[in-house]
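One structure below.
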Amino acid sequence: MRKMTVIGLTGSIGMGKTTAAEAFREMGIPVHDADAAVHALLAAGGAGVEAVGAAFPASLKTDGDKIYIDRKALGQIVFGDAAEKKNLEDILHPMVRAASDAFVSAMREKGHDLIVLDIPLLFETGGEKRVDVTLCVTAPPDVQRARVLARGGMTEDRFARILAGQMPDAEKRARADYVVTTDKGHDDMRRQIAEIVGKIRSES
């Protein structure tokens with residue numbers, strides 16, 4: 001079985017990570033999305049509903065016979081509360097890690113030579129130890145700010161608090177093996193990613 005390289009994709013809010021992940025998918029490279037895994041865990045029938053509901057009963061909702069976690073209500077409980085946030089992470093992170101490990105194993109069995117783990121808090125959670133190379137997406141602060149504040153329900157205060165909970169962009173860039181800038185359009189970003197993919201494949 002040929003060697004499979006695992007890329008850890010990260011970047012602060014508004015830096016273009018979702019678009020970068022899509023570029024990898026367009027190249028036929030499988031991507032595991034940690035945020036999507038969390039959504040699945042908290043949806044009706046998700047493996048995280050019981051444990052999260054027990055710890056945060058106000059977030060537990062029902063719709064007919066469906067029981068799920070209201071992510072908006074959960075966010076209001078933990079946002080800005082470090083102790084509650086850690087409690088939630090202690091429940092969810094092992095589950096997300098298990099889903100990620102299962103994805104890696106399945107892709108290895110299928111013979112892929114390159115896959116991506118899309119992990120927003122890659123360096124914050126020590127996730128770089130689980131991947132072969134790291135890639136950070138970045139953009140100038142004014143571009144980041146404009147993108148984030150254009151999102152529905154986002155405020156200056158909320159944006160500031162989200163940033164405070166993430167590793168500074170400069171530190172992420174310094175720690176990453178590769179850096180992709182996303183402020184010059186999709187084509188430019190795709191070109192950078194294609195060059196990095198080519199380099200990784202030539203070296204592996």
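To be explicit about the labels: the chains of the structure tokens are called A, B, and onward in the order shown, and within each one the residues are counted from 1, while ligands get numbers from 1 in the order they are shown.
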
Contacts of Arg130 in chain A at 12 Å (only C-alpha atoms; same-chain gap of 3+ positions) as a VMD selection string: chain A and resid 5 to 9 97 100 to 101 104 116 to 117 119 122 to 123 125 to 127 133 to 134

Contacts of Val180 in chain A at 7 Å (only C-alpha atoms; same-chain gap of 4+ positions) as a PyMOL selection string: chain A and resi 136-138+189+192

Dump N, CA and C atoms for the selected residues as a compact mmCIF listing (two decimals), in the first residue's frame?
```txt
# COMPACT_ATOMS: atom_id res chain seq x y z
N CYS A 136 -1.77 26.63 6.47
CA CYS A 136 -2.57 27.70 7.06
C CYS A 136 -3.02 28.67 5.97
N VAL A 137 -4.33 28.97 5.95
CA VAL A 137 -4.83 29.99 5.03
C VAL A 137 -4.87 31.32 5.77
N THR A 138 -4.58 32.39 5.04
CA THR A 138 -4.51 33.70 5.68
C THR A 138 -4.97 34.79 4.72
N MET A 189 -5.82 31.45 -5.29
CA MET A 189 -5.75 30.51 -4.17
C MET A 189 -5.59 29.07 -4.68
N GLN A 192 -2.05 28.38 -5.83
CA GLN A 192 -1.14 28.14 -4.71
C GLN A 192 -1.31 26.72 -4.16
```

Distance criterion (only C-alpha atoms): nearest to Thr181 in chain A out of A:Glu50, A:Asp169, A:Asp65, A:Asp70: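 Smallest distance to Thr181 in chain A is found for A:Asp169.
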
Tell me which protein, DNA and RNA residues are within 12 Å of Asp33 in chain A, counting only C-alpha atoms, leaving out same-chain ones fewer than 3 positions away, and put them as an mmCIF file with N, CA and C atoms, in the first residue's frame.
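Result saved to out-v1.cif:
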```cif
data_model
loop_
_atom_site.group_PDB
_atom_site.id
_atom_site.type_symbol
_atom_site.label_atom_id
_atom_site.label_comp_id
_atom_site.auth_asym_id
_atom_site.auth_seq_id
_atom_site.Cartn_x
_atom_site.Cartn_y
_atom_site.Cartn_z
ATOM 1 N N GLY A 8 -2.922 18.858 7.390
ATOM 2 C CA GLY A 8 -3.774 19.532 8.361
ATOM 3 C C GLY A 8 -4.046 20.944 7.879
ATOM 4 N N LEU A 9 -5.303 21.228 7.543
ATOM 5 C CA LEU A 9 -5.693 22.539 7.023
ATOM 6 C C LEU A 9 -6.285 23.375 8.151
ATOM 7 N N THR A 10 -5.768 24.581 8.331
ATOM 8 C CA THR A 10 -6.284 25.437 9.396
ATOM 9 C C THR A 10 -6.260 26.893 8.966
ATOM 10 N N LYS A 17 -10.775 29.294 4.817
ATOM 11 C CA LYS A 17 -10.483 27.865 4.972
ATOM 12 C C LYS A 17 -11.515 26.980 4.269
ATOM 13 N N THR A 18 -12.773 27.369 4.357
ATOM 14 C CA THR A 18 -13.833 26.582 3.712
ATOM 15 C C THR A 18 -13.634 26.550 2.200
ATOM 16 N N ALA A 20 -10.789 26.973 0.648
ATOM 17 C CA ALA A 20 -9.590 26.175 0.389
ATOM 18 C C ALA A 20 -9.909 24.685 0.436
ATOM 19 N N ALA A 21 -10.730 24.286 1.411
ATOM 20 C CA ALA A 21 -11.122 22.870 1.514
ATOM 21 C C ALA A 21 -11.853 22.436 0.248
ATOM 22 N N GLU A 22 -12.707 23.307 -0.274
ATOM 23 C CA GLU A 22 -13.441 22.989 -1.498
ATOM 24 C C GLU A 22 -12.484 22.846 -2.684
ATOM 25 N N PHE A 24 -9.450 21.689 -2.552
ATOM 26 C CA PHE A 24 -8.868 20.351 -2.445
ATOM 27 C C PHE A 24 -9.850 19.293 -2.976
ATOM 28 N N ARG A 25 -11.117 19.432 -2.605
ATOM 29 C CA ARG A 25 -12.126 18.468 -3.085
ATOM 30 C C ARG A 25 -12.229 18.491 -4.603
ATOM 31 N N PRO A 30 -9.701 13.883 -0.836
ATOM 32 C CA PRO A 30 -10.727 13.790 0.203
ATOM 33 C C PRO A 30 -10.435 14.738 1.377
ATOM 34 N N ALA A 36 -18.132 19.954 10.394
ATOM 35 C CA ALA A 36 -19.248 19.136 9.918
ATOM 36 C C ALA A 36 -19.430 17.915 10.813
ATOM 37 N N ALA A 37 -18.316 17.373 11.313
ATOM 38 C CA ALA A 37 -18.398 16.233 12.222
ATOM 39 C C ALA A 37 -19.122 16.616 13.510
ATOM 40 N N VAL A 38 -18.843 17.825 14.016
ATOM 41 C CA VAL A 38 -19.532 18.313 15.220
ATOM 42 C C VAL A 38 -21.026 18.461 14.959
ATOM 43 N N HIS A 39 -21.371 19.025 13.797
ATOM 44 C CA HIS A 39 -22.784 19.191 13.451
ATOM 45 C C HIS A 39 -23.491 17.843 13.440
ATOM 46 N N ALA A 40 -22.840 16.837 12.870
ATOM 47 C CA ALA A 40 -23.436 15.491 12.813
ATOM 48 C C ALA A 40 -23.593 14.895 14.207
ATOM 49 N N VAL A 96 -14.898 13.766 17.866
ATOM 50 C CA VAL A 96 -14.442 14.278 16.564
ATOM 51 C C VAL A 96 -13.148 13.579 16.158
ATOM 52 N N ARG A 97 -12.277 13.363 17.122
ATOM 53 C CA ARG A 97 -11.017 12.666 16.858
ATOM 54 C C ARG A 97 -11.290 11.250 16.347
ATOM 55 N N ALA A 99 -13.975 10.177 14.769
ATOM 56 C CA ALA A 99 -14.505 10.280 13.407
ATOM 57 C C ALA A 99 -13.382 10.565 12.412
ATOM 58 N N SER A 100 -12.454 11.415 12.825
ATOM 59 C CA SER A 100 -11.307 11.749 11.983
ATOM 60 C C SER A 100 -10.418 10.527 11.757
ATOM 61 N N PHE A 103 -11.982 8.198 9.321
ATOM 62 C CA PHE A 103 -11.858 8.741 7.970
ATOM 63 C C PHE A 103 -10.468 8.447 7.410
ATOM 64 N N VAL A 104 -9.437 8.703 8.204
ATOM 65 C CA VAL A 104 -8.060 8.459 7.760
ATOM 66 C C VAL A 104 -7.875 6.991 7.400
ATOM 67 N N ILE A 115 -4.717 13.221 1.675
ATOM 68 C CA ILE A 115 -6.014 13.608 2.210
ATOM 69 C C ILE A 115 -5.834 14.859 3.068
ATOM 70 N N VAL A 116 -6.941 15.505 3.394
ATOM 71 C CA VAL A 116 -6.911 16.732 4.181
ATOM 72 C C VAL A 116 -7.807 16.587 5.407
ATOM 73 N N LEU A 117 -7.287 16.991 6.550
ATOM 74 C CA LEU A 117 -8.104 17.132 7.756
ATOM 75 C C LEU A 117 -8.302 18.623 7.985
ATOM 76 N N ASP A 118 -9.532 19.086 7.817
ATOM 77 C CA ASP A 118 -9.884 20.489 7.993
ATOM 78 C C ASP A 118 -10.185 20.703 9.477
ATOM 79 N N ILE A 119 -9.230 21.306 10.203
ATOM 80 C CA ILE A 119 -9.342 21.463 11.654
ATOM 81 C C ILE A 119 -9.138 22.935 12.023
ATOM 82 N N PRO A 120 -10.222 23.655 12.342
ATOM 83 C CA PRO A 120 -10.092 25.082 12.654
ATOM 84 C C PRO A 120 -9.072 25.371 13.760
ATOM 85 N N LEU A 121 -9.121 24.592 14.843
ATOM 86 C CA LEU A 121 -8.212 24.816 15.976
ATOM 87 C C LEU A 121 -7.078 23.792 15.955
ATOM 88 N N LEU A 122 -6.449 23.640 14.817
ATOM 89 C CA LEU A 122 -5.403 22.628 14.638
ATOM 90 C C LEU A 122 -4.277 22.777 15.662
#
```

Residues within 10 Å of Leu92 in chain A, only C-alpha atoms, excluding chain neighbours under 3 positions, as a list in words: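 Near neighbours after the sequence-gap exclusion: Ala37, Val38, Leu41, Leu42, Ala47, Gly48, Ala51, Val52, Lys86, Asn87, Leu88, Glu89, Met95, Val96, Arg97 and Ala98 of chain A.
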
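Counting from CA of Lys172 in chain A, the distance to CA of Met15 in chain A is 11.8 Å.
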
Neighbour list for Glu203 in chain A as a PyMOL selection string, cut-off 12 Å, only C-alpha atoms, skip fewer than 3 positions in-chain: chain A and resi 3-5+113+133+196-200

Check chain A with DSSP on the backbone and list each residue it calls alpha helix (DSSP H), as a tab-separated table (two decimals) with N, CA and C atoms, in the first residue's frame.
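Everything below was put into selection_36.tsv:
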```
chain	number	residue	atom	x	y	z
A	17	LYS	N	-10.77	29.29	4.82
A	17	LYS	CA	-10.48	27.87	4.97
A	17	LYS	C	-11.51	26.98	4.27
A	18	THR	N	-12.77	27.37	4.36
A	18	THR	CA	-13.83	26.58	3.71
A	18	THR	C	-13.63	26.55	2.20
A	19	THR	N	-13.28	27.69	1.63
A	19	THR	CA	-13.03	27.76	0.19
A	19	THR	C	-11.81	26.94	-0.20
A	20	ALA	N	-10.79	26.97	0.65
A	20	ALA	CA	-9.59	26.17	0.39
A	20	ALA	C	-9.91	24.68	0.44
A	21	ALA	N	-10.73	24.29	1.41
A	21	ALA	CA	-11.12	22.87	1.51
A	21	ALA	C	-11.85	22.44	0.25
A	22	GLU	N	-12.71	23.31	-0.27
A	22	GLU	CA	-13.44	22.99	-1.50
A	22	GLU	C	-12.48	22.85	-2.68
A	23	ALA	N	-11.43	23.64	-2.70
A	23	ALA	CA	-10.44	23.55	-3.78
A	23	ALA	C	-9.75	22.19	-3.75
A	24	PHE	N	-9.45	21.69	-2.55
A	24	PHE	CA	-8.87	20.35	-2.45
A	24	PHE	C	-9.85	19.29	-2.98
A	25	ARG	N	-11.12	19.43	-2.60
A	25	ARG	CA	-12.13	18.47	-3.08
A	25	ARG	C	-12.23	18.49	-4.60
A	26	GLU	N	-12.16	19.69	-5.19
A	26	GLU	CA	-12.24	19.82	-6.65
A	26	GLU	C	-11.07	19.12	-7.32
A	34	ALA	N	-13.91	18.94	10.39
A	34	ALA	CA	-14.15	18.79	11.82
A	34	ALA	C	-15.45	19.48	12.24
A	35	ASP	N	-15.72	20.65	11.66
A	35	ASP	CA	-16.97	21.35	12.01
A	35	ASP	C	-18.19	20.54	11.58
A	36	ALA	N	-18.13	19.95	10.39
A	36	ALA	CA	-19.25	19.14	9.92
A	36	ALA	C	-19.43	17.92	10.81
A	37	ALA	N	-18.32	17.37	11.31
A	37	ALA	CA	-18.40	16.23	12.22
A	37	ALA	C	-19.12	16.62	13.51
A	38	VAL	N	-18.84	17.82	14.02
A	38	VAL	CA	-19.53	18.31	15.22
A	38	VAL	C	-21.03	18.46	14.96
A	39	HIS	N	-21.37	19.03	13.80
A	39	HIS	CA	-22.78	19.19	13.45
A	39	HIS	C	-23.49	17.84	13.44
A	40	ALA	N	-22.84	16.84	12.87
A	40	ALA	CA	-23.44	15.49	12.81
A	40	ALA	C	-23.59	14.90	14.21
A	41	LEU	N	-22.62	15.14	15.07
A	41	LEU	CA	-22.69	14.62	16.44
A	41	LEU	C	-23.85	15.21	17.22
A	42	LEU	N	-24.21	16.46	16.92
A	42	LEU	CA	-25.24	17.17	17.68
A	42	LEU	C	-26.62	17.10	17.03
A	49	VAL	N	-25.38	13.69	21.21
A	49	VAL	CA	-26.60	14.30	21.76
A	49	VAL	C	-26.81	13.98	23.24
A	50	GLU	N	-26.67	12.71	23.60
A	50	GLU	CA	-26.94	12.31	24.98
A	50	GLU	C	-25.98	12.96	25.97
A	51	ALA	N	-24.67	12.88	25.67
A	51	ALA	CA	-23.67	13.42	26.60
A	51	ALA	C	-23.74	14.93	26.69
A	52	VAL	N	-23.89	15.60	25.55
A	52	VAL	CA	-23.96	17.07	25.56
A	52	VAL	C	-25.27	17.53	26.21
A	53	GLY	N	-26.35	16.81	25.93
A	53	GLY	CA	-27.64	17.15	26.53
A	53	GLY	C	-27.62	17.01	28.04
A	54	ALA	N	-26.90	16.00	28.54
A	54	ALA	CA	-26.79	15.81	29.98
A	54	ALA	C	-26.00	16.93	30.64
A	55	ALA	N	-24.94	17.38	29.95
A	55	ALA	CA	-24.09	18.45	30.51
A	55	ALA	C	-24.71	19.83	30.33
A	71	ARG	N	-27.65	24.08	18.45
A	71	ARG	CA	-26.29	24.60	18.48
A	71	ARG	C	-26.25	26.09	18.82
A	72	LYS	N	-27.28	26.82	18.44
A	72	LYS	CA	-27.32	28.25	18.78
A	72	LYS	C	-27.45	28.42	20.30
A	73	ALA	N	-28.35	27.64	20.90
A	73	ALA	CA	-28.53	27.71	22.36
A	73	ALA	C	-27.26	27.26	23.07
A	74	LEU	N	-26.63	26.22	22.54
A	74	LEU	CA	-25.39	25.72	23.14
A	74	LEU	C	-24.30	26.78	23.05
A	75	GLY	N	-24.22	27.44	21.91
A	75	GLY	CA	-23.21	28.49	21.73
A	75	GLY	C	-23.38	29.62	22.72
A	76	GLN	N	-24.64	29.97	23.00
A	76	GLN	CA	-24.90	31.06	23.95
A	76	GLN	C	-24.47	30.67	25.36
A	77	ILE	N	-24.55	29.38	25.67
A	77	ILE	CA	-24.15	28.90	27.00
A	77	ILE	C	-22.64	28.96	27.18
A	78	VAL	N	-21.91	28.50	26.16
A	78	VAL	CA	-20.45	28.35	26.32
A	78	VAL	C	-19.66	29.56	25.85
A	82	ALA	N	-15.17	30.20	29.82
A	82	ALA	CA	-14.05	29.29	29.57
A	82	ALA	C	-14.29	27.90	30.18
A	83	ALA	N	-14.87	27.86	31.37
A	83	ALA	CA	-15.09	26.57	32.04
A	83	ALA	C	-16.12	25.73	31.29
A	84	GLU	N	-17.21	26.37	30.87
A	84	GLU	CA	-18.25	25.64	30.13
A	84	GLU	C	-17.73	25.21	28.75
A	85	LYS	N	-16.94	26.08	28.14
A	85	LYS	CA	-16.36	25.76	26.83
A	85	LYS	C	-15.45	24.54	26.94
A	86	LYS	N	-14.64	24.49	27.98
A	86	LYS	CA	-13.75	23.34	28.18
A	86	LYS	C	-14.55	22.07	28.44
A	87	ASN	N	-15.62	22.20	29.20
A	87	ASN	CA	-16.49	21.05	29.47
A	87	ASN	C	-17.04	20.47	28.17
A	88	LEU	N	-17.50	21.37	27.28
A	88	LEU	CA	-18.02	20.93	25.99
A	88	LEU	C	-16.93	20.29	25.14
A	89	GLU	N	-15.75	20.92	25.12
A	89	GLU	CA	-14.64	20.37	24.32
A	89	GLU	C	-14.22	19.00	24.83
A	90	ASP	N	-14.25	18.81	26.14
A	90	ASP	CA	-13.88	17.51	26.71
A	90	ASP	C	-14.82	16.41	26.26
A	91	ILE	N	-16.06	16.78	25.98
A	91	ILE	CA	-17.04	15.81	25.49
A	91	ILE	C	-16.87	15.56	23.99
A	92	LEU	N	-16.77	16.67	23.24
A	92	LEU	CA	-16.82	16.56	21.78
A	92	LEU	C	-15.49	16.20	21.11
A	93	HIS	N	-14.38	16.72	21.62
A	93	HIS	CA	-13.11	16.51	20.94
A	93	HIS	C	-12.76	15.03	20.75
A	94	PRO	N	-12.94	14.17	21.76
A	94	PRO	CA	-12.64	12.75	21.53
A	94	PRO	C	-13.53	12.13	20.46
A	95	MET	N	-14.77	12.58	20.39
A	95	MET	CA	-15.70	12.05	19.37
A	95	MET	C	-15.29	12.50	17.98
A	96	VAL	N	-14.90	13.77	17.87
A	96	VAL	CA	-14.44	14.28	16.56
A	96	VAL	C	-13.15	13.58	16.16
A	97	ARG	N	-12.28	13.36	17.12
A	97	ARG	CA	-11.02	12.67	16.86
A	97	ARG	C	-11.29	11.25	16.35
A	98	ALA	N	-12.26	10.56	16.96
A	98	ALA	CA	-12.60	9.20	16.53
A	98	ALA	C	-13.13	9.20	15.09
A	99	ALA	N	-13.98	10.18	14.77
A	99	ALA	CA	-14.51	10.28	13.41
A	99	ALA	C	-13.38	10.57	12.41
A	100	SER	N	-12.45	11.42	12.83
A	100	SER	CA	-11.31	11.75	11.98
A	100	SER	C	-10.42	10.53	11.76
A	101	ASP	N	-10.15	9.78	12.83
A	101	ASP	CA	-9.32	8.58	12.71
A	101	ASP	C	-9.96	7.55	11.79
A	102	ALA	N	-11.28	7.42	11.89
A	102	ALA	CA	-12.00	6.47	11.03
A	102	ALA	C	-11.90	6.90	9.57
A	103	PHE	N	-11.98	8.20	9.32
A	103	PHE	CA	-11.86	8.74	7.97
A	103	PHE	C	-10.47	8.45	7.41
A	104	VAL	N	-9.44	8.70	8.20
A	104	VAL	CA	-8.06	8.46	7.76
A	104	VAL	C	-7.88	6.99	7.40
A	105	SER	N	-8.36	6.10	8.25
A	105	SER	CA	-8.22	4.66	8.00
A	105	SER	C	-8.95	4.25	6.71
A	106	ALA	N	-10.16	4.78	6.53
A	106	ALA	CA	-10.94	4.43	5.34
A	106	ALA	C	-10.27	4.93	4.07
A	107	MET	N	-9.72	6.14	4.11
A	107	MET	CA	-9.06	6.69	2.92
A	107	MET	C	-7.76	5.95	2.62
A	108	ARG	N	-7.08	5.50	3.66
A	108	ARG	CA	-5.86	4.71	3.46
A	108	ARG	C	-6.20	3.38	2.79
A	109	GLU	N	-7.28	2.77	3.25
A	109	GLU	CA	-7.72	1.50	2.67
A	109	GLU	C	-8.08	1.68	1.19
A	141	PRO	N	-5.78	41.56	7.78
A	141	PRO	CA	-6.79	41.78	8.82
A	141	PRO	C	-8.04	42.51	8.33
A	142	ASP	N	-7.87	43.48	7.44
A	142	ASP	CA	-9.06	44.22	6.98
A	142	ASP	C	-9.96	43.35	6.12
A	143	VAL	N	-9.37	42.44	5.35
A	143	VAL	CA	-10.15	41.51	4.53
A	143	VAL	C	-10.88	40.52	5.44
A	144	GLN	N	-10.15	40.00	6.41
A	144	GLN	CA	-10.75	39.07	7.37
A	144	GLN	C	-11.95	39.72	8.07
A	145	ARG	N	-11.74	40.93	8.56
A	145	ARG	CA	-12.79	41.63	9.30
A	145	ARG	C	-14.02	41.85	8.42
A	146	ALA	N	-13.82	42.28	7.19
A	146	ALA	CA	-14.94	42.55	6.28
A	146	ALA	C	-15.72	41.26	6.00
A	147	ARG	N	-15.00	40.17	5.79
A	147	ARG	CA	-15.67	38.89	5.52
A	147	ARG	C	-16.52	38.44	6.70
A	148	VAL	N	-15.94	38.52	7.89
A	148	VAL	CA	-16.64	38.02	9.07
A	148	VAL	C	-17.85	38.89	9.41
A	149	LEU	N	-17.69	40.20	9.35
A	149	LEU	CA	-18.79	41.09	9.71
A	149	LEU	C	-19.92	41.07	8.68
A	156	GLU	N	-19.27	43.27	16.05
A	156	GLU	CA	-17.87	43.59	16.36
A	156	GLU	C	-17.44	42.88	17.65
A	157	ASP	N	-18.32	42.89	18.64
A	157	ASP	CA	-17.98	42.28	19.93
A	157	ASP	C	-17.81	40.77	19.79
A	158	ARG	N	-18.72	40.15	19.07
A	158	ARG	CA	-18.64	38.69	18.89
A	158	ARG	C	-17.37	38.32	18.12
A	159	PHE	N	-17.08	39.09	17.08
A	159	PHE	CA	-15.87	38.85	16.29
A	159	PHE	C	-14.63	38.96	17.16
A	160	ALA	N	-14.58	39.99	18.00
A	160	ALA	CA	-13.43	40.20	18.89
A	160	ALA	C	-13.26	39.03	19.85
A	161	ARG	N	-14.38	38.52	20.36
A	161	ARG	CA	-14.31	37.40	21.31
A	161	ARG	C	-13.89	36.10	20.63
A	162	ILE	N	-14.33	35.92	19.40
A	162	ILE	CA	-13.91	34.73	18.64
A	162	ILE	C	-12.40	34.79	18.40
A	163	LEU	N	-11.91	35.95	17.98
A	163	LEU	CA	-10.48	36.11	17.74
A	163	LEU	C	-9.68	35.86	19.01
A	164	ALA	N	-10.21	36.30	20.14
A	164	ALA	CA	-9.50	36.13	21.41
A	164	ALA	C	-9.36	34.66	21.78
A	169	ASP	N	-3.11	34.90	14.06
A	169	ASP	CA	-2.80	34.48	12.69
A	169	ASP	C	-1.30	34.40	12.45
A	170	ALA	N	-0.56	35.38	12.96
A	170	ALA	CA	0.90	35.41	12.74
A	170	ALA	C	1.56	34.15	13.30
A	171	GLU	N	1.09	33.69	14.45
A	171	GLU	CA	1.67	32.49	15.05
A	171	GLU	C	1.31	31.25	14.24
A	172	LYS	N	0.08	31.20	13.76
A	172	LYS	CA	-0.32	30.06	12.93
A	172	LYS	C	0.54	30.00	11.67
A	173	ARG	N	0.74	31.14	11.04
A	173	ARG	CA	1.56	31.19	9.83
A	173	ARG	C	3.00	30.75	10.12
A	174	ALA	N	3.52	31.18	11.26
A	174	ALA	CA	4.89	30.82	11.62
A	174	ALA	C	5.04	29.32	11.87
A	175	ARG	N	4.01	28.70	12.38
A	175	ARG	CA	4.09	27.28	12.71
A	175	ARG	C	3.75	26.36	11.55
A	186	HIS	N	-10.24	33.39	-6.05
A	186	HIS	CA	-10.23	31.93	-5.99
A	186	HIS	C	-9.18	31.31	-6.89
A	187	ASP	N	-9.01	31.86	-8.09
A	187	ASP	CA	-8.05	31.27	-9.02
A	187	ASP	C	-6.64	31.32	-8.46
A	188	ASP	N	-6.29	32.44	-7.85
A	188	ASP	CA	-4.96	32.57	-7.26
A	188	ASP	C	-4.78	31.59	-6.11
A	189	MET	N	-5.82	31.45	-5.29
A	189	MET	CA	-5.75	30.51	-4.17
A	189	MET	C	-5.59	29.07	-4.68
A	190	ARG	N	-6.36	28.71	-5.69
A	190	ARG	CA	-6.28	27.36	-6.26
A	190	ARG	C	-4.89	27.09	-6.85
A	191	ARG	N	-4.31	28.11	-7.47
A	191	ARG	CA	-2.97	27.96	-8.03
A	191	ARG	C	-1.97	27.64	-6.93
A	192	GLN	N	-2.05	28.38	-5.83
A	192	GLN	CA	-1.14	28.14	-4.71
A	192	GLN	C	-1.31	26.72	-4.16
A	193	ILE	N	-2.57	26.30	-4.01
A	193	ILE	CA	-2.83	24.97	-3.46
A	193	ILE	C	-2.32	23.89	-4.41
A	194	ALA	N	-2.54	24.08	-5.71
A	194	ALA	CA	-2.06	23.10	-6.69
A	194	ALA	C	-0.54	22.97	-6.65
A	195	GLU	N	0.15	24.09	-6.47
A	195	GLU	CA	1.61	24.05	-6.38
A	195	GLU	C	2.06	23.28	-5.13
A	196	ILE	N	1.37	23.51	-4.02
A	196	ILE	CA	1.71	22.81	-2.78
A	196	ILE	C	1.45	21.32	-2.91
A	197	VAL	N	0.32	20.97	-3.50
A	197	VAL	CA	-0.01	19.55	-3.70
A	197	VAL	C	1.06	18.89	-4.56
A	198	GLY	N	1.46	19.58	-5.62
A	198	GLY	CA	2.50	19.03	-6.50
A	198	GLY	C	3.81	18.82	-5.75
A	199	LYS	N	4.16	19.77	-4.91
A	199	LYS	CA	5.40	19.68	-4.12
A	199	LYS	C	5.34	18.51	-3.15
A	200	ILE	N	4.21	18.38	-2.45
A	200	ILE	CA	4.06	17.29	-1.47
A	200	ILE	C	4.15	15.94	-2.17
A	201	ARG	N	3.49	15.82	-3.31
A	201	ARG	CA	3.49	14.55	-4.04
A	201	ARG	C	4.88	14.22	-4.59
A	202	SER	N	5.60	15.24	-4.98
A	202	SER	CA	6.95	14.98	-5.53
A	202	SER	C	7.93	14.55	-4.44
A	203	GLU	N	7.63	14.96	-3.20
A	203	GLU	CA	8.54	14.65	-2.10
A	203	GLU	C	8.18	13.37	-1.36
```

DSSP-assigned strand (DSSP E) among range 116-183 of chain A, expressed as a count of residues only: 13

Point-to-point distance from CA of Ile69 in chain A to CA of Asp81 in chain A, Å rounded to tenths: 18.5 Å

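Between CA of Gly80 in chain A and CA of Gln166 in chain A the separation is 12.6 Å.
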